[in-house]
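J.: Quick one: structure below, then a few questions.
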Amino acid sequence: MDSNSNNIVQAKGLGKQVPSPEGTLTILDDINLSIKQGESLAVIGISGSGKSTLLGLLAGLDIPTSGTVVINGSILNDLDEDGRAQIRNQSVGFVFQSFHLLPGLTALENTALPLELAGSKQADELAKQRLADVGLSERIHHYPNQLSGGEQQRVAIARAFASNPKILFADEPTGNLDQKTAQRIIDLIFKMNKDNGTTLVMVTHDDALASLCDRKVIMAGGRITKES
Amino acid sequence: MNTFKFAFTGLKRDWYSGELRLIGISILIAVACLSSVSFFTDRVKRATEQQATELLAADLVLISSKKIRSEYIDTAKTAELIISLNESFRSVVVKDDKLELAEVKAVDSNYPIRGHLRTSDNLFSEEKISGTIPSQGSVWIDSRLLQALQIKLGESINLGAAELIVEKILTYEPDRGGDLFNIAPRLMMNRADLGKTELILPGSRIQYRLLLGGKSETIDGYREQINIEDDDHLRVQGIKDARPEIKSALERAEQFLGLAALVSVALAGLAIAMSAQRFAIRHYDNCAIMRCLGLQQRQITQIYFFQLMLLGLICSLIGCLIGFFAQEGLNQMLIGMTQKSLPEPSWRPVLSGVFTGLITVLAFALPQLVRLRKISPLRVLRKDLSPVPLNNYAIYALAIFALVLLSPWQSGNINLTLYTVAGLFLTAVVLALSAKLMIKVLKQLQPRLKMAARYGLANIARRSNQSVMQITGIGIGVTVMLLLTLVRTDLLEGWQNRLPDDAPNYFLINIQPEQVRGIKAQLSASLNTDIELHPMIRGRLIKINDNIVNPNAYKDPRANRLATREFNLSYADKMQTDNRLVTGDWWSLDENSKNYFSVEEGIAETLGINMGDQLTYSIAGQDIIGEVINLRWVEWDSFNVNFFVVSNTAALNTYPSTFISSLFIPETKRSVLTDLVKQYPSVTVFDIDAILTQVRAIMNQVVRTVEFVFIFTILTGIAVLFAALQSTHDERTHESALMSALGANRKQIVSGLIAEFMFLGIITGLLSAISASIIEMALAEYVFKMDIIINPMIWLIAPLVCCLIIVSTGLFGTRKVLASSPMLVLRKT
């Protein structure tokens, strides 16, 4: 563990290789990254630069081939899939480009899902509060296919913040939205992030969006080529 | 380009993708089911055909309930035909204290004129063709009688007044009487010993046969020569009109099993259509690229047509192979019901199996794949360019057409086919609508449920069309299984429970008038109860008022049969206690000047007899006319002796009669019967319990074969479930990855899946239980006319069985979903 207890996410010597017909393919190579609590970090790069793979490793969705990831004091490498699931449930929130709401569940049920997975008794009340925060109090019983793209992403944000995560991982959160709606979503993410004191790690290829973050790293060929 | 080669390599490649495999397995199950039925019925049919000349044991047979008139025999002698006479009847065979009712046939040395008898010297040892008949003083008995009497060859038995030695075990006789499914064990004796038995008495129920053999033209000439018009008791059977009951029983069995198998084909078709749809969708991009590279629409159609035909052919052949082995199972289940070992099946079922497989795959899969030819090459640039979806009604119409095309060919009867397809369709529609409604109702519960249940229910509701198909598919199979198991037991028990504990368990028949007093006294003394003996007179109904009864005028087969045969009439002063007057009054004791009839209401309706009608019966060559003065309701299953038609005493007491009685003899007093039969050897004793046990055993065998066919139905139902799971595989994988990303552990994801499959299982189980119960109530009300308490176990067993099937199949089908990495959610979908 790092001695700097301010770092909520820390990656050391992170590497990811996958087998391919041409031999082993290196997707990430020797990534070292520390993110402080409350900080916002943008990861930018072109397609195939490895930014989504990095996000996946930092969020504990996958395990690295080499190196370690520490989230909120827990070394992810030491945990099995269920252990990592518990960390994700307790400390991590996600916002995805394609919203990824469960189509069979209402806005309220989708928002309450991480709380229910954690065994919360007040899942519905807390989820309603979060939906109110994102301005969807009137649409809590609607199904995803009854909501617009912007509304679906707002439900996804409410879901991401439902369990008061310490870190929010956002993967191209405005990629599927028109410019006007995208701006509203960005404002919402940053506002919620600030109100809740959450750490934000956002993958984007939008420089303007990246510039709203405290810090940005640029990736190319599986390595961090620049940090500012 | 060689499209066939391209199709072949494509088939090999796509086999591993899963959808083709499921299409293949569905064809395989459907063909296995159908071909097992056709292999089996083919064997039975061939057995029947092979025996056609043997069935009569002669070229022509005259059968009569009275002694064969000498003029028939004399004419045959003049025509130089081979002649053989035999008598068959039922009688009790006694060995020490054991009694067994047997079908006795007394034959002469010319028997059989056609075919051979076969015997063996030991139980279950190899049978040998026999050139002789039982020698005088001895009998041949079948293995069942041997076992029932626990007797060895060389020991003696008592038949009537005669003591005869058991010489051989009779394994086969060509013109074995009765139905295909025989009940009573067999005994063959020499005709010369018949007198010694003292069993042939006036009024005894005996079938006399005159067997004739000769050239076909001589036989035809003889048939024209004899005058049988005035002989009411005589039937003539040639080879062509032999054993119609076997033919029709066999045809019915074939039709029923064939149509039951058709349910499997329909479900397999559903699974095939679902899999083919997914297969097509997954091939949109491939086809777009191939179209871009210059492949013509015609070539795309050819490629998929070849692929389907090849797949259909291979899987149908494997299906036939499985069917071949499975039919041996059917054969084993029915052993004992058919006379002898069956001949090897022909190749015809293979042809029909392959035909079925190809039609099914073409009707259900081809429409989905033909869409691929409509793929725009522009799809390589614009993913949203998909072919126009198929018109669902067109698909249904094609599927129903395919089923109708297959079914008459399977069942040989277009009406039966239409009714069955319509019935099946109706059941499926009712099940589907109820399932849809139930899902809607359950959906209201969703917010109040725990997470796993809520998630499971949400999945069912979201994919409600697929859920409905799965419920319908498995539901039909389970409904039939419930009917065959629980409901059958309910109905049987319901019927048995209605019988009082002291319901008669023995019938005594062939009691001569002069024996009545003695038997009554003997039984009353030993059993401490009054025994009633009823007179029985055989007569044929020849006129209703002035109208001559013409059997052919009755369309109803039962009425036709009743009008053809002789009735057992009786006379009595008082009405029996288990009868009830429906209309009219009973006659008083002193009304002896006129003839009155009391007719059972059911037969009155069947034959069109009304109150006040004048009935003319022909009894022993004399006509007797009487008026119908009342109609009665009879509780037939009381097991008391009852008659369709009863007259006042004066009307019939002068005609030759025998007496009949039914009585309850407790287990401890069975020796009463042994004494009785020893003293009155001509009296025949029927053990009702034994008959019921045999009937039940036969019923169980038949039910087991039907169950066997419906196991395939459940298997195809499972294939539908698999197809549905497969079509949602990508969606489920993604959802599982998302749940995992949101922090769900494996247990929570599995719980969600289990909840979903359990809901499906419970809905399917409840709907199956409801439909089985409705059918059961309808059967009880309209067919068996009895009150019934539906077995409460049905509500427990049906959902439990369905949950077990669906949860295990579902978890197996989604095992790969559970292994999905949460990283999937970061891939742009």
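By order of appearance in the structure tokens: chains A, B, ..., then residues from 1 within every chain, and ligands from 1 in the order shown.
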DSSP on the backbone, then: every residue of range 19-74 of chain A marked strand (DSSP E), written as a ChimeraX atom specification.
T.: /A:19-20,23-36,40-45,66-71,74
J.: Could those selected residues go to a file with N, CA and C atoms, as a PDB file, in the first residue's frame?
T.:
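And here is the file that came out, out-v6.pdb:
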```pdb
ATOM      1  N   PRO A  19      -3.692 -12.850 -25.249  1.00  0.00           N
ATOM      2  CA  PRO A  19      -3.194 -13.687 -26.344  1.00  0.00           C
ATOM      3  C   PRO A  19      -3.890 -13.310 -27.655  1.00  0.00           C
ATOM      4  N   SER A  20      -3.170 -13.403 -28.743  1.00  0.00           N
ATOM      5  CA  SER A  20      -3.764 -13.155 -30.063  1.00  0.00           C
ATOM      6  C   SER A  20      -3.114 -14.111 -31.059  1.00  0.00           C
ATOM      7  N   GLY A  23       0.535 -13.809 -31.449  1.00  0.00           N
ATOM      8  CA  GLY A  23       1.335 -13.855 -30.226  1.00  0.00           C
ATOM      9  C   GLY A  23       0.705 -12.959 -29.165  1.00  0.00           C
ATOM     10  N   THR A  24       1.432 -12.664 -28.113  1.00  0.00           N
ATOM     11  CA  THR A  24       0.843 -11.868 -27.034  1.00  0.00           C
ATOM     12  C   THR A  24       0.755 -10.396 -27.454  1.00  0.00           C
ATOM     13  N   LEU A  25      -0.408  -9.845 -27.150  1.00  0.00           N
ATOM     14  CA  LEU A  25      -0.635  -8.443 -27.526  1.00  0.00           C
ATOM     15  C   LEU A  25      -0.637  -7.607 -26.251  1.00  0.00           C
ATOM     16  N   THR A  26       0.177  -6.570 -26.235  1.00  0.00           N
ATOM     17  CA  THR A  26       0.218  -5.717 -25.037  1.00  0.00           C
ATOM     18  C   THR A  26      -0.761  -4.564 -25.209  1.00  0.00           C
ATOM     19  N   ILE A  27      -1.716  -4.502 -24.306  1.00  0.00           N
ATOM     20  CA  ILE A  27      -2.711  -3.417 -24.409  1.00  0.00           C
ATOM     21  C   ILE A  27      -2.315  -2.255 -23.488  1.00  0.00           C
ATOM     22  N   LEU A  28      -1.820  -2.622 -22.293  1.00  0.00           N
ATOM     23  CA  LEU A  28      -1.338  -1.592 -21.359  1.00  0.00           C
ATOM     24  C   LEU A  28       0.063  -1.978 -20.921  1.00  0.00           C
ATOM     25  N   ASP A  29       0.887  -0.944 -20.762  1.00  0.00           N
ATOM     26  CA  ASP A  29       2.273  -1.261 -20.406  1.00  0.00           C
ATOM     27  C   ASP A  29       2.780  -0.290 -19.345  1.00  0.00           C
ATOM     28  N   ASP A  30       3.106  -0.817 -18.185  1.00  0.00           N
ATOM     29  CA  ASP A  30       3.742  -0.058 -17.105  1.00  0.00           C
ATOM     30  C   ASP A  30       3.047   1.266 -16.798  1.00  0.00           C
ATOM     31  N   ILE A  31       1.813   1.175 -16.389  1.00  0.00           N
ATOM     32  CA  ILE A  31       1.070   2.389 -16.041  1.00  0.00           C
ATOM     33  C   ILE A  31       1.226   2.648 -14.548  1.00  0.00           C
ATOM     34  N   ASN A  32       1.640   3.850 -14.204  1.00  0.00           N
ATOM     35  CA  ASN A  32       1.718   4.266 -12.799  1.00  0.00           C
ATOM     36  C   ASN A  32       0.850   5.495 -12.645  1.00  0.00           C
ATOM     37  N   LEU A  33      -0.101   5.418 -11.731  1.00  0.00           N
ATOM     38  CA  LEU A  33      -1.057   6.515 -11.627  1.00  0.00           C
ATOM     39  C   LEU A  33      -1.592   6.583 -10.204  1.00  0.00           C
ATOM     40  N   SER A  34      -1.646   7.803  -9.659  1.00  0.00           N
ATOM     41  CA  SER A  34      -2.263   7.967  -8.342  1.00  0.00           C
ATOM     42  C   SER A  34      -3.353   9.023  -8.459  1.00  0.00           C
ATOM     43  N   ILE A  35      -4.494   8.758  -7.852  1.00  0.00           N
ATOM     44  CA  ILE A  35      -5.592   9.730  -7.920  1.00  0.00           C
ATOM     45  C   ILE A  35      -6.007  10.061  -6.492  1.00  0.00           C
ATOM     46  N   LYS A  36      -6.045  11.342  -6.215  1.00  0.00           N
ATOM     47  CA  LYS A  36      -6.375  11.762  -4.846  1.00  0.00           C
ATOM     48  C   LYS A  36      -7.881  11.804  -4.646  1.00  0.00           C
ATOM     49  N   SER A  40     -10.616  15.193  -9.860  1.00  0.00           N
ATOM     50  CA  SER A  40     -11.233  14.713 -11.103  1.00  0.00           C
ATOM     51  C   SER A  40     -10.148  14.553 -12.157  1.00  0.00           C
ATOM     52  N   LEU A  41     -10.169  13.375 -12.791  1.00  0.00           N
ATOM     53  CA  LEU A  41      -9.111  13.034 -13.738  1.00  0.00           C
ATOM     54  C   LEU A  41      -9.737  12.622 -15.078  1.00  0.00           C
ATOM     55  N   ALA A  42      -9.209  13.212 -16.142  1.00  0.00           N
ATOM     56  CA  ALA A  42      -9.689  12.822 -17.472  1.00  0.00           C
ATOM     57  C   ALA A  42      -8.624  11.953 -18.125  1.00  0.00           C
ATOM     58  N   VAL A  43      -9.076  10.834 -18.714  1.00  0.00           N
ATOM     59  CA  VAL A  43      -8.151   9.974 -19.463  1.00  0.00           C
ATOM     60  C   VAL A  43      -8.521  10.146 -20.931  1.00  0.00           C
ATOM     61  N   ILE A  44      -7.597  10.687 -21.701  1.00  0.00           N
ATOM     62  CA  ILE A  44      -7.930  10.906 -23.118  1.00  0.00           C
ATOM     63  C   ILE A  44      -6.958  10.159 -24.033  1.00  0.00           C
ATOM     64  N   GLY A  45      -7.409   9.927 -25.239  1.00  0.00           N
ATOM     65  CA  GLY A  45      -6.571   9.205 -26.192  1.00  0.00           C
ATOM     66  C   GLY A  45      -7.416   8.747 -27.354  1.00  0.00           C
ATOM     67  N   SER A  66       0.060  -7.655 -15.007  1.00  0.00           N
ATOM     68  CA  SER A  66       1.159  -7.310 -14.081  1.00  0.00           C
ATOM     69  C   SER A  66       0.822  -6.014 -13.358  1.00  0.00           C
ATOM     70  N   GLY A  67       1.493  -5.772 -12.243  1.00  0.00           N
ATOM     71  CA  GLY A  67       1.254  -4.559 -11.475  1.00  0.00           C
ATOM     72  C   GLY A  67       0.079  -4.709 -10.520  1.00  0.00           C
ATOM     73  N   THR A  68      -0.166  -3.640  -9.753  1.00  0.00           N
ATOM     74  CA  THR A  68      -1.252  -3.697  -8.759  1.00  0.00           C
ATOM     75  C   THR A  68      -2.154  -2.476  -8.862  1.00  0.00           C
ATOM     76  N   VAL A  69      -3.403  -2.709  -8.400  1.00  0.00           N
ATOM     77  CA  VAL A  69      -4.354  -1.596  -8.290  1.00  0.00           C
ATOM     78  C   VAL A  69      -4.853  -1.582  -6.850  1.00  0.00           C
ATOM     79  N   VAL A  70      -4.822  -0.396  -6.257  1.00  0.00           N
ATOM     80  CA  VAL A  70      -5.337  -0.263  -4.893  1.00  0.00           C
ATOM     81  C   VAL A  70      -6.495   0.727  -4.931  1.00  0.00           C
ATOM     82  N   ILE A  71      -7.642   0.290  -4.459  1.00  0.00           N
ATOM     83  CA  ILE A  71      -8.800   1.200  -4.378  1.00  0.00           C
ATOM     84  C   ILE A  71      -9.178   1.346  -2.922  1.00  0.00           C
ATOM     85  N   SER A  74      -7.796  -1.095  -0.565  1.00  0.00           N
ATOM     86  CA  SER A  74      -7.842  -2.538  -0.834  1.00  0.00           C
ATOM     87  C   SER A  74      -7.062  -2.864  -2.101  1.00  0.00           C
TER      88      SER A  74
END
```
J.: What are the closest atom pairs, with distances in Å to one decimal, for all residues of chain A lying within 7 Å of chain B? Consider only C-alpha atoms, order rows by chain and residue number, and present the result as CSV.
T.:
```
residue,atom,partner,partner_atom,distance
A:Ser52,CA,B:Leu826,CA,6.6
A:Gly56,CA,B:Met823,CA,6.2
A:Leu61,CA,B:Met823,CA,5.4
A:Asp62,CA,B:Met823,CA,6.2
A:Asp82,CA,B:Asn745,CA,4.9
A:Ala85,CA,B:Gly743,CA,4.2
A:Gln86,CA,B:Gly743,CA,5.5
A:Arg88,CA,B:Gly743,CA,5.0
A:Asn89,CA,B:Gly743,CA,4.0
A:Leu102,CA,B:Glu735,CA,6.9
A:Gly104,CA,B:Ala458,CA,4.9
A:Leu105,CA,B:Ala458,CA,6.2
A:Pro114,CA,B:Leu742,CA,5.9
A:Glu116,CA,B:Met451,CA,6.4
A:Leu117,CA,B:Ala744,CA,5.9
```
J.: Just give me the gap between CA of Arg69 in chain B and CA of Leu164 in chain B in Å, one decimal is fine.
T.: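 Separation of CA of Arg69 in chain B and CA of Leu164 in chain B: 29.1 Å.
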J.: Would you list the contacts of Ala123 in chain A as a PyMOL selection string, taking every protein, DNA or RNA residue within 12 Å and counting only C-alpha atoms, but skipping same-chain residues closer than 3 positions in sequence?
T.: (chain A and resi 108-120+126-130+159+162-163) or (chain B and resi 447+450-451)
J.: Residues within 10 Å of Leu796 in chain B, please, as a list of chain:residue names. Count only C-alpha atoms; anything in the same chain fewer than 5 positions from it doesn't count.
T.: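 Residues meeting the cut-off are B:Ile762, B:Gly765, B:Leu766, B:Ala769, B:Asn791, B:Val801.
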J.: Return the single residue from B:Glu87, B:Asp96, B:Asp613, B:Glu173 that is closest to Ile206 in chain B, with distances computed using only C-alpha atoms.
T.: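 Closest candidate: B:Glu87.
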J.: At a cut-off of 12 Å, using only C-alpha atoms, what residues contact Gln147 in chain B? Leave out same-chain residues fewer than 5 positions from it and give the result as a list in words.
T.: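 Final neighbour list, sorted by chain and number: Lys95, Lys98, Glu100, Asn122, Leu123, Phe124, Ile141, Asp142, Lys152, Leu153, Ile169, Pro185 and Arg186 of chain B.
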J.: Would you mind listing what lies within 7 Å of range 138-145 of chain A as a PyMOL selection string, with only C-alpha atoms counted and same-chain residues fewer than 4 positions away left out?
T.: chain A and resi 101+103+105-108+152
J.: Check the smallest atom-to-atom distance from each of A:Gly221, A:Gly50, A:Pro165, A:Gly150 to Gln90 in chain A using only C-alpha atoms, then report the winner.
T.: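 Using only C-alpha atoms, the shortest distance to Gln90 in chain A belongs to A:Pro165.
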J.: Write out as CSV a residue-level contact list of range 136-168 of chain A versus range 180-200 of chain A with cut-off 8 Å: for each qualifying residue the closest pair of atoms and the distance in Å to one decimal, counting only C-alpha atoms, rows sorted by chain and residue number upward.
T.:
```
residue,atom,partner,partner_atom,distance
A:Gly150,CA,A:Thr181,CA,5.9
A:Gln153,CA,A:Ile185,CA,7.5
A:Arg154,CA,A:Ile185,CA,7.1
A:Ile157,CA,A:Ile189,CA,7.2
A:Phe161,CA,A:Met192,CA,7.9
A:Asn164,CA,A:Asn196,CA,7.4
A:Pro165,CA,A:Thr198,CA,6.9
A:Lys166,CA,A:Thr198,CA,5.1
A:Ile167,CA,A:Thr199,CA,4.5
A:Leu168,CA,A:Leu200,CA,4.9
```
J.: Keeping only N, CA and C atoms, take the residues you just selected and write them out as a PDB file, in the first residue's frame.
T.:
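Okay, selection_24.pdb is ready:
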```
ATOM      1  N   GLY A 150     -31.125  11.397 -22.937  1.00  0.00           N
ATOM      2  CA  GLY A 150     -30.639  12.242 -21.839  1.00  0.00           C
ATOM      3  C   GLY A 150     -31.220  11.782 -20.512  1.00  0.00           C
ATOM      4  N   GLN A 153     -29.551   8.658 -19.332  1.00  0.00           N
ATOM      5  CA  GLN A 153     -28.232   8.895 -18.746  1.00  0.00           C
ATOM      6  C   GLN A 153     -28.374   9.520 -17.354  1.00  0.00           C
ATOM      7  N   ARG A 154     -29.443  10.309 -17.165  1.00  0.00           N
ATOM      8  CA  ARG A 154     -29.659  10.875 -15.825  1.00  0.00           C
ATOM      9  C   ARG A 154     -29.997   9.777 -14.820  1.00  0.00           C
ATOM     10  N   ILE A 157     -26.852   8.233 -13.918  1.00  0.00           N
ATOM     11  CA  ILE A 157     -26.084   9.042 -12.948  1.00  0.00           C
ATOM     12  C   ILE A 157     -26.680   8.860 -11.546  1.00  0.00           C
ATOM     13  N   PHE A 161     -24.674   7.352  -8.281  1.00  0.00           N
ATOM     14  CA  PHE A 161     -24.485   8.039  -6.994  1.00  0.00           C
ATOM     15  C   PHE A 161     -25.334   7.428  -5.878  1.00  0.00           C
ATOM     16  N   ASN A 164     -23.662   6.266  -2.694  1.00  0.00           N
ATOM     17  CA  ASN A 164     -22.624   7.197  -2.217  1.00  0.00           C
ATOM     18  C   ASN A 164     -21.225   6.678  -2.455  1.00  0.00           C
ATOM     19  N   PRO A 165     -20.860   6.437  -3.717  1.00  0.00           N
ATOM     20  CA  PRO A 165     -19.534   5.873  -3.976  1.00  0.00           C
ATOM     21  C   PRO A 165     -18.428   6.903  -3.701  1.00  0.00           C
ATOM     22  N   LYS A 166     -17.253   6.379  -3.452  1.00  0.00           N
ATOM     23  CA  LYS A 166     -16.121   7.288  -3.237  1.00  0.00           C
ATOM     24  C   LYS A 166     -15.544   7.705  -4.586  1.00  0.00           C
ATOM     25  N   ILE A 167     -15.669   6.810  -5.568  1.00  0.00           N
ATOM     26  CA  ILE A 167     -15.100   7.108  -6.882  1.00  0.00           C
ATOM     27  C   ILE A 167     -16.179   6.896  -7.943  1.00  0.00           C
ATOM     28  N   LEU A 168     -16.249   7.816  -8.904  1.00  0.00           N
ATOM     29  CA  LEU A 168     -17.160   7.639 -10.027  1.00  0.00           C
ATOM     30  C   LEU A 168     -16.332   7.439 -11.291  1.00  0.00           C
TER      31      LEU A 168
END
```
J.: Which value, in Å to one decimal, gives the distance between CA of Ala326 in chain B and CA of Gly357 in chain B?
T.: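 Distance reported for this atom pair: 17.2 Å.
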J.: Per DSSP on the backbone, filter range 630-739 of chain B down to the residues in helix (DSSP H, G or I) and report them as a CSV table (one decimal) with C-alpha atoms, in the first residue's frame.
T.:
```csv
chain,number,residue,atom,x,y,z
B,636,TRP,CA,-74.0,-50.2,-14.0
B,637,ASP,CA,-70.8,-50.0,-12.0
B,638,SER,CA,-72.4,-51.4,-8.9
B,649,THR,CA,-92.4,-62.9,-15.5
B,650,ALA,CA,-95.3,-64.3,-17.5
B,651,ALA,CA,-93.8,-62.9,-20.8
B,652,LEU,CA,-90.6,-64.9,-20.8
B,667,GLU,CA,-61.4,-63.7,1.1
B,668,THR,CA,-61.8,-66.1,4.0
B,669,LYS,CA,-64.7,-68.0,2.3
B,671,SER,CA,-63.5,-72.3,-0.6
B,672,VAL,CA,-67.2,-71.9,-1.0
B,673,LEU,CA,-66.6,-71.5,-4.7
B,674,THR,CA,-64.4,-74.5,-5.0
B,675,ASP,CA,-67.1,-76.6,-3.5
B,676,LEU,CA,-69.7,-75.1,-5.7
B,677,VAL,CA,-67.8,-75.7,-8.9
B,678,LYS,CA,-67.0,-79.3,-7.9
B,679,GLN,CA,-70.6,-79.9,-7.4
B,688,ILE,CA,-64.2,-59.6,-11.0
B,689,ASP,CA,-61.1,-58.5,-9.0
B,690,ALA,CA,-58.9,-60.6,-11.3
B,691,ILE,CA,-60.6,-59.1,-14.4
B,692,LEU,CA,-60.2,-55.6,-13.0
B,693,THR,CA,-56.6,-56.2,-12.2
B,694,GLN,CA,-56.0,-57.4,-15.8
B,695,VAL,CA,-57.9,-54.5,-17.3
B,696,ARG,CA,-55.8,-52.1,-15.1
B,697,ALA,CA,-52.6,-53.8,-16.2
B,698,ILE,CA,-53.5,-53.4,-19.8
B,699,MET,CA,-54.5,-49.8,-19.2
B,700,ASN,CA,-51.2,-49.1,-17.5
B,701,GLN,CA,-49.3,-50.6,-20.5
B,702,VAL,CA,-51.2,-48.4,-22.9
B,703,VAL,CA,-50.8,-45.3,-20.7
B,704,ARG,CA,-47.1,-46.0,-20.5
B,705,THR,CA,-46.7,-46.0,-24.3
B,706,VAL,CA,-48.6,-42.7,-24.5
B,707,GLU,CA,-46.3,-41.3,-21.7
B,708,PHE,CA,-43.4,-42.5,-23.6
B,709,VAL,CA,-44.4,-40.5,-26.6
B,710,PHE,CA,-45.0,-37.4,-24.5
B,711,ILE,CA,-41.6,-37.6,-23.0
B,712,PHE,CA,-40.5,-36.5,-26.4
B,713,THR,CA,-43.0,-33.6,-26.1
B,714,ILE,CA,-41.3,-32.5,-22.9
B,715,LEU,CA,-37.9,-32.8,-24.6
B,716,THR,CA,-39.0,-30.6,-27.4
B,717,GLY,CA,-40.5,-28.2,-24.9
B,718,ILE,CA,-37.1,-28.1,-23.4
B,719,ALA,CA,-35.6,-27.4,-26.8
B,720,VAL,CA,-38.0,-24.4,-27.1
B,721,LEU,CA,-36.7,-23.2,-23.7
B,722,PHE,CA,-33.2,-23.6,-25.0
B,723,ALA,CA,-34.0,-21.8,-28.2
B,724,ALA,CA,-35.5,-19.0,-26.1
B,725,LEU,CA,-32.4,-18.9,-23.8
B,726,GLN,CA,-30.2,-18.9,-26.8
B,727,SER,CA,-32.0,-16.0,-28.5
B,729,HIS,CA,-28.0,-15.1,-24.7
B,730,ASP,CA,-26.2,-11.9,-25.8
B,731,GLU,CA,-28.7,-9.8,-23.8
B,732,ARG,CA,-28.3,-11.9,-20.7
B,733,THR,CA,-24.5,-12.0,-20.9
B,734,HIS,CA,-24.6,-8.2,-21.1
B,735,GLU,CA,-27.0,-7.9,-18.2
B,736,SER,CA,-25.0,-10.3,-16.1
B,737,ALA,CA,-21.8,-8.3,-16.8
B,738,LEU,CA,-23.6,-5.1,-15.9
B,739,MET,CA,-24.9,-6.5,-12.6
```
J.: Show me, as a PyMOL selection string, the residues that have an atom within 8 Å of Glu227 in chain A when counting only C-alpha atoms, minus same-chain residues fewer than 4 positions from it.
T.: chain A and resi 215-218
J.: Could you state the separation of CA of Gly752 in chain B and CA of Met793 in chain B in Å, given to one decimal place?
T.: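 We find that CA of Gly752 in chain B and CA of Met793 in chain B lie 27.9 Å from each other.
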J.: Between B:Asn545, B:Gln470, B:Thr616, B:Ser64, single out the one closest to Gly810 in chain B, counting only C-alpha atoms.
T.: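 Smallest distance to Gly810 in chain B is found for B:Gln470.
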J.: Using only C-alpha atoms, which of the listed residues (B:Ile548, B:Ala58, B:Leu117, B:Leu403) sits closest to Ala563 in chain B?
T.: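 Nearest to Ala563 in chain B: B:Ile548.
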J.: Which residue is closest to Ala220 in chain A? Choose from A:Gly48, A:Val92, A:Leu58, A:Gln146 and count only C-alpha atoms.
T.: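 Nearest candidate to Ala220 in chain A out of A:Gly48, A:Val92, A:Leu58, A:Gln146: A:Gly48.
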